[in-house]
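Take a look at the structure below.
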Amino acid sequence: MNAGQTLNLEPRTSNAEPSRSSTPVVPPPAVEVHDLTVAYHTKPVLWDVDFALPEGKLVAIIGPNGAGKSTMLKAILGLVPVSAGWVEIFGKAPRDQRSIIGYVPQRESVDWDFPTNALDVVMMGLYGKLGWFRRPGRKEREQALAALAHVGMADLAHRQISQLSGGQQQRVFLARALAQEARLYFMDEPFAGVDATTERAIAGLLRELRSSGKTVVAVHHDLQTVPEYFDWAVMLNLRLVAAGPVEQVFTAANLHATYGGRLQVLTQAAESQLKKGGAVR
Amino acid sequence: MLSLFTDNPSLWYVMGGCAILGVASGALGSFAVLRRQSLLGDALAHAALPGLCLAFMLTNSKRPGVMLAGALASGLVGAMFILGIVRGTRLKEDAALGIVLSVFFGGGIVLLTAIQHQPNAAQAGLDKFLFGYAASLVPGDLKVLGGLTLLVLALLGLFYKEFKVLSFDRAFGAALGLPMRRLEVLLTSLIVVAVVIGLQTVGVVLMAAMLITPAVAARQWTHSLGRMVLLAALLGAGSGVVGALASSASRNLPTGPLIVLAVTGVLLVSLAFAPRRGIVWSWLRLWRHRRKVRQENLLADLYRLGEPAKDWTRPCDLPALTAVRELPRRELAKTAGQLQSRGWLEPAGEAWRLTAAGLAEAQRVVRNHRLWELFLSRRLELASDHLHRDAEEMEHTLPPAVVAELEQLLGQPRVDPHGEPIPVVGQARGRSA
């Protein structure tokens, strides 16, 4: 892209980062996105996005359909080619930080009729650490079982995945990410299409991850629950509208800028935010 | 049967070759099918043809090693074209497969025709690769094919868990840092090798069946990838042997198509009879459910007919029953007979009446029906004329746990939205009882 070339003229200081390593007083942000532009063919999906996320927060990526929320996650993870800009995870390129990143893809992105059971899927979370040519053994099975128990699915470990409900499938994906024992988790719509029990379980899990110091970045579609479940929000609509603590950025003006004319959703969300008095927890 | 082998010593080689082909294509085909690339094998088999012809034109020899190397090379080129087209253009995979299949096959046919017009005796039989010619298998072929199969299986074993992630959740694998593109190239290359192994036996045109059919059949029987791969390999090998034997017994019938027919037979049996996924079982489940619904409806009708007089076990005859539910009399009588043999109905002249056990069952069904109506009207706020049809289905399927939950949710109700009392199982008694 032409835009990419001009934008790349900016000095990419953080790749060299001599200053940062010599001053370890300020820890690098969990995620730093700089000038990120992603295009599919010639159509831009994300344009010139900048933000930095601190460690230990629950971060919601919100925005209307087609705003580039999932693309944002995939670009950070290096799953889609980036036209311009860069991403750093704790001050390093994402590909050097694979072992501390956990990923929960959208539930609909896989074929749940695949011949395997819940335990097997969770064990996939350990394949990265296992390395080439090694098969998962007893230790891995126990780790996977523990992760399943963590999401309340221990008794369904040997259930064929097509026999699980949507919420249970989502919890299997979460357990797989937990098994990765990451420091930073990326989740693509973890609350989409789940039952009330699973929603409570996931919300509890997020809080638990936060209290053990982990960072979670989740694409989220339900504006009502943003202040309840998350500390930070990244508001996207092709470009970045706002990024920061929920009580600061989750405002009617920002929601309006993000969602355009879809006012009904907005007023509801803003009202619910007002009712809670901006309190996050 | 024994004379078959003594008369035809080469039958052992043919059988061996067919079994080897079945193992390789069954195992690799499982991955192709699960990745929704069933037609990949078809495209790759056709893509191998020009390589076969070129190898012959360049060396003027039909040695198995040379021919296979040619097929392998052009199959791989075809595979890379497919992967490249999908990655580098806006064309979708089906278009890429179609393009590679027709372009390579067209080129192959042109070369084949050119070769056949050469004044050269050695060219005879090259067209056998179109439909396969298993009878031409010799010990030398077997060594090459066996070696290739071992190589394919070894690589499949080494990269098994990576191929599993690739097939189930590619994005997750990439996020783990696994080189998914390279793994995809490797898996596709292994499929090319499996295709080339089968070319001499079943031929270009039918090779796709050997990749798809055993895998689909195996999927019917198991819910584990490992077992599916193993079973597909066994089914492929078994079909190969059966096809070879059938062909040898008949002498005039071609081996390749017979193998394909054998594996298709396996598939049909699997589609029909595999537990849970088989069509026959789902028919059986449906038939049982319908019978249960007919029986429970009759019990409920008898209960409702006795309701105005609070005489739940009074006899009802066919005209009374057909008045509340339009059903052929023969079917009603049949259902009544079934209920009679379960001890829920007893005959009373031309009519039937509920037994004590039958009354309890009828109360259970009517209770489910009215509880559900109440739930719909109270919780989902449906209008009273929207309740009955839904409850008519739910009364047969509500599990006891859900019924208990409904009772609690609705506060142990006594009356349904239409003002009818909700029966309690085993409480009301018939006048005669």
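Here's how to read the names in the structure tokens: chain A, B, ... by the order shown, residue numbers from 1 in each chain, ligand numbers from 1 in the order shown.
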
Sel. of alpha helix (DSSP H) residues, range 15-264 of chain A, as a ChimeraX atom specification = /A:15-16,18-22,69-77,118-123,127-130,138-150,166-179,196-211,226-229,246-249,252-259,263-264

Nearby residues (only C-alpha atoms) at most 7 Å from Ala300 in chain B, same-chain spacing under 6 positions excluded, as a PDB file with C-alpha atoms, in the first residue's frame:
```pdb
ATOM      1  CA  ALA B 362     -51.975 -40.404  31.233  1.00  0.00           C
ATOM      2  CA  VAL B 365     -48.562 -36.686  29.947  1.00  0.00           C
ATOM      3  CA  VAL B 366     -51.434 -34.284  30.616  1.00  0.00           C
TER       4      VAL B 366
END
```

Within 12 Å of chain A, which residues of chain B are there when counting only C-alpha atoms? Please give them as number ranges by chain.
-> B: 30-31, 33-36, 87-90, 154-181, 183, 215-216, 218-229, 276-277

Ser70 in chain A environment, 9 Å, only C-alpha atoms, sequence neighbours closer than 4 positions dropped, as a PyMOL selection string | chain A and resi 61+66+74-75+106+188-189+219

With a distance cut-off of 6 Å and only C-alpha atoms, select the neighbouring residues of Arg176 in chain A, excluding the residue or stretch itself and same-chain residues fewer than 3 positions from it, and output the selection as a VMD selection string.
-> chain A and resid 122 125 173 179

List the neighbours of range 235-240 of chain A out to 12 Å using only C-alpha atoms; skip same-chain residues closer than 6 positions along the sequence, and give me the result as a short mmCIF file (atom, residue, chain, number, x, y, z; two decimals) with N, CA and C atoms, in the first residue's frame.
```cif
data_model
loop_
_atom_site.label_atom_id
_atom_site.label_comp_id
_atom_site.auth_asym_id
_atom_site.auth_seq_id
_atom_site.Cartn_x
_atom_site.Cartn_y
_atom_site.Cartn_z
N VAL A 33 0.26 -1.09 20.19
CA VAL A 33 -0.07 -1.10 18.77
C VAL A 33 0.27 0.28 18.24
N HIS A 34 1.09 0.32 17.20
CA HIS A 34 1.52 1.62 16.69
C HIS A 34 1.21 1.73 15.20
N ASP A 35 0.39 2.69 14.85
CA ASP A 35 0.18 3.05 13.45
C ASP A 35 -0.25 1.84 12.62
N LEU A 36 -1.09 0.97 13.22
CA LEU A 36 -1.41 -0.29 12.57
C LEU A 36 -2.45 -0.10 11.47
N THR A 37 -2.13 -0.57 10.28
CA THR A 37 -3.07 -0.54 9.17
C THR A 37 -3.13 -1.93 8.56
N VAL A 38 -4.36 -2.43 8.41
CA VAL A 38 -4.55 -3.74 7.80
C VAL A 38 -5.53 -3.58 6.66
N ALA A 39 -5.23 -4.19 5.52
CA ALA A 39 -6.13 -4.12 4.37
C ALA A 39 -6.32 -5.52 3.80
N LYS A 43 -9.11 -3.01 0.29
CA LYS A 43 -10.05 -2.37 1.22
C LYS A 43 -9.45 -2.31 2.63
N PRO A 44 -9.29 -1.12 3.18
CA PRO A 44 -8.73 -1.05 4.52
C PRO A 44 -9.73 -1.56 5.56
N VAL A 45 -9.24 -2.34 6.50
CA VAL A 45 -10.09 -2.87 7.55
C VAL A 45 -9.75 -2.17 8.87
N LEU A 46 -8.49 -1.80 9.00
CA LEU A 46 -8.04 -1.04 10.16
C LEU A 46 -7.13 0.05 9.64
N TRP A 47 -7.28 1.23 10.18
CA TRP A 47 -6.55 2.35 9.60
C TRP A 47 -5.83 3.10 10.71
N ASP A 48 -4.51 3.01 10.72
CA ASP A 48 -3.71 3.92 11.52
C ASP A 48 -4.10 3.89 13.01
N VAL A 49 -4.10 2.70 13.56
CA VAL A 49 -4.56 2.56 14.94
C VAL A 49 -3.37 2.57 15.90
N ASP A 50 -3.47 3.36 16.95
CA ASP A 50 -2.45 3.42 18.00
C ASP A 50 -3.09 3.19 19.35
N PHE A 51 -2.54 2.34 20.16
CA PHE A 51 -2.91 2.33 21.58
C PHE A 51 -1.92 1.47 22.35
N ALA A 52 -1.89 1.65 23.65
CA ALA A 52 -1.06 0.82 24.51
C ALA A 52 -1.92 0.35 25.67
N VAL A 59 -9.47 -5.96 29.11
CA VAL A 59 -9.68 -4.96 28.07
C VAL A 59 -10.73 -5.44 27.08
N ALA A 60 -11.75 -4.62 26.81
CA ALA A 60 -12.76 -4.94 25.81
C ALA A 60 -12.44 -4.19 24.53
N ILE A 61 -12.47 -4.91 23.41
CA ILE A 61 -12.40 -4.23 22.12
C ILE A 61 -13.83 -4.15 21.61
N ILE A 62 -14.35 -2.94 21.46
CA ILE A 62 -15.75 -2.81 21.04
C ILE A 62 -15.85 -1.97 19.79
N GLY A 63 -16.96 -2.15 19.10
CA GLY A 63 -17.18 -1.42 17.85
C GLY A 63 -18.26 -2.14 17.06
N PRO A 64 -18.85 -1.47 16.07
CA PRO A 64 -19.93 -2.10 15.30
C PRO A 64 -19.42 -3.24 14.42
N ASN A 65 -20.35 -3.96 13.79
CA ASN A 65 -19.96 -5.03 12.86
C ASN A 65 -19.09 -4.46 11.76
N GLY A 66 -18.02 -5.17 11.44
CA GLY A 66 -17.15 -4.71 10.37
C GLY A 66 -16.21 -3.60 10.79
N ALA A 67 -16.12 -3.34 12.10
CA ALA A 67 -15.24 -2.26 12.57
C ALA A 67 -13.79 -2.70 12.61
N GLY A 68 -13.55 -4.02 12.44
CA GLY A 68 -12.18 -4.51 12.46
C GLY A 68 -11.75 -5.06 13.81
N LYS A 69 -12.71 -5.44 14.65
CA LYS A 69 -12.37 -5.92 15.99
C LYS A 69 -11.58 -7.24 15.93
N SER A 70 -12.14 -8.23 15.21
CA SER A 70 -11.45 -9.51 15.10
C SER A 70 -10.14 -9.35 14.36
N THR A 71 -10.15 -8.51 13.33
CA THR A 71 -8.92 -8.28 12.56
C THR A 71 -7.84 -7.70 13.47
N MET A 72 -8.27 -6.82 14.38
CA MET A 72 -7.32 -6.24 15.33
C MET A 72 -6.61 -7.34 16.11
N LEU A 73 -7.40 -8.29 16.67
CA LEU A 73 -6.80 -9.39 17.42
C LEU A 73 -5.86 -10.20 16.54
N ALA A 218 -10.29 -8.84 25.01
CA ALA A 218 -11.39 -9.59 24.43
C ALA A 218 -12.22 -8.73 23.50
N VAL A 219 -12.53 -9.27 22.32
CA VAL A 219 -13.53 -8.63 21.47
C VAL A 219 -14.88 -8.85 22.14
N HIS A 220 -15.64 -7.76 22.29
CA HIS A 220 -16.88 -7.87 23.04
C HIS A 220 -17.98 -7.16 22.27
N HIS A 221 -19.17 -7.75 22.23
CA HIS A 221 -20.24 -7.18 21.40
C HIS A 221 -21.41 -6.64 22.23
N LEU A 223 -22.63 -4.14 24.67
CA LEU A 223 -22.24 -2.89 25.32
C LEU A 223 -22.71 -2.80 26.77
N VAL A 226 -20.13 -4.05 29.26
CA VAL A 226 -18.74 -3.57 29.21
C VAL A 226 -18.28 -3.03 30.58
N VAL A 246 -12.39 2.27 31.31
CA VAL A 246 -13.80 2.32 30.93
C VAL A 246 -14.46 3.58 31.46
N GLN A 248 -13.37 6.39 31.87
CA GLN A 248 -13.02 7.60 31.14
C GLN A 248 -13.50 7.60 29.69
N VAL A 249 -13.38 6.45 29.01
CA VAL A 249 -13.65 6.46 27.57
C VAL A 249 -15.05 5.97 27.20
N PHE A 250 -15.71 5.24 28.10
CA PHE A 250 -17.01 4.67 27.75
C PHE A 250 -18.09 5.73 27.95
N THR A 251 -18.04 6.77 27.12
CA THR A 251 -18.95 7.90 27.25
C THR A 251 -19.90 7.95 26.07
N ALA A 253 -20.47 10.33 24.09
CA ALA A 253 -19.85 10.95 22.91
C ALA A 253 -18.99 9.94 22.15
N ASN A 254 -18.18 9.16 22.90
CA ASN A 254 -17.33 8.17 22.24
C ASN A 254 -18.16 7.06 21.61
N LEU A 255 -19.21 6.64 22.32
CA LEU A 255 -20.08 5.60 21.76
C LEU A 255 -20.72 6.10 20.48
N HIS A 256 -21.11 7.35 20.48
CA HIS A 256 -21.71 7.93 19.29
C HIS A 256 -20.72 7.95 18.15
N ALA A 257 -19.50 8.31 18.45
CA ALA A 257 -18.47 8.34 17.41
C ALA A 257 -18.17 6.94 16.90
N THR A 258 -18.28 5.94 17.78
CA THR A 258 -17.96 4.57 17.37
C THR A 258 -19.09 3.95 16.57
N TYR A 259 -20.32 4.16 17.06
CA TYR A 259 -21.45 3.44 16.46
C TYR A 259 -22.25 4.27 15.49
N GLY A 260 -21.88 5.53 15.28
CA GLY A 260 -22.58 6.37 14.33
C GLY A 260 -24.03 6.55 14.72
#
```

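Considering only C-alpha atoms, the residue among B:Glu93, B:Glu307, B:Asp42, B:Asp385 positioned nearest to Gly75 in chain B is B:Asp42.
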
Distance query Gly240 in chain B at most 6 Å, only C-alpha atoms, self and fewer than 5 positions along chain excluded, as a list in words |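 Everything that qualifies: Cys18, Ala19, Gly22 and Ile259 of chain B.
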
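Nearest-residue note for Pro214 in chain B: choosing from B:Arg330, B:Leu382, B:Glu184, B:Ala262, the minimum distance belongs to B:Ala262, counting only C-alpha atoms.
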
For range 270-272 of chain B, find every residue with an atom within 7 Å (counting only C-alpha atoms), except residues of its own chain fewer than 4 positions away, and show them as a short mmCIF file (atom, residue, chain, number, x, y, z; two decimals) with N, CA and C atoms, in the first residue's frame.
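Saved the output as out24.cif:
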```
data_model
loop_
_atom_site.label_atom_id
_atom_site.label_comp_id
_atom_site.auth_asym_id
_atom_site.auth_seq_id
_atom_site.Cartn_x
_atom_site.Cartn_y
_atom_site.Cartn_z
N ALA B 217 -16.38 -43.31 5.29
CA ALA B 217 -16.94 -44.51 5.93
C ALA B 217 -16.42 -44.63 7.36
N GLN B 220 -17.94 -42.50 10.13
CA GLN B 220 -19.25 -42.92 10.63
C GLN B 220 -19.13 -43.74 11.92
N VAL B 266 -18.67 -50.60 1.32
CA VAL B 266 -18.36 -50.34 2.73
C VAL B 266 -18.98 -49.02 3.18
N GLY B 278 -25.65 -43.48 11.74
CA GLY B 278 -26.24 -44.22 10.63
C GLY B 278 -27.69 -43.83 10.38
N ILE B 279 -28.07 -43.88 9.08
CA ILE B 279 -29.44 -43.47 8.71
C ILE B 279 -30.46 -44.42 9.31
N VAL B 280 -30.14 -45.73 9.29
CA VAL B 280 -31.11 -46.71 9.79
C VAL B 280 -31.44 -46.44 11.25
#
```

Please identify which residues in range 89-169 of chain A DSSP calls strand (DSSP E or B) from the backbone, and express them as a list in words.
->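 Across range 89-169 of chain A, those assigned strand (DSSP E or B) are Ile89, Lys92, Ile101, Gly102, Tyr103, Val104, Asn117 and Gln160 of chain A.
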
What does the distance between CA of Tyr133 in chain B and CA of Ala233 in chain B come to in Å, to one decimal place?
-> 21.4 Å

Calculate how many Å separate CA of Val293 in chain B from CA of Leu387 in chain B, rounding to one decimal.
->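 Calculated distance between CA of Val293 in chain B and CA of Leu387 in chain B is 18.2 Å.
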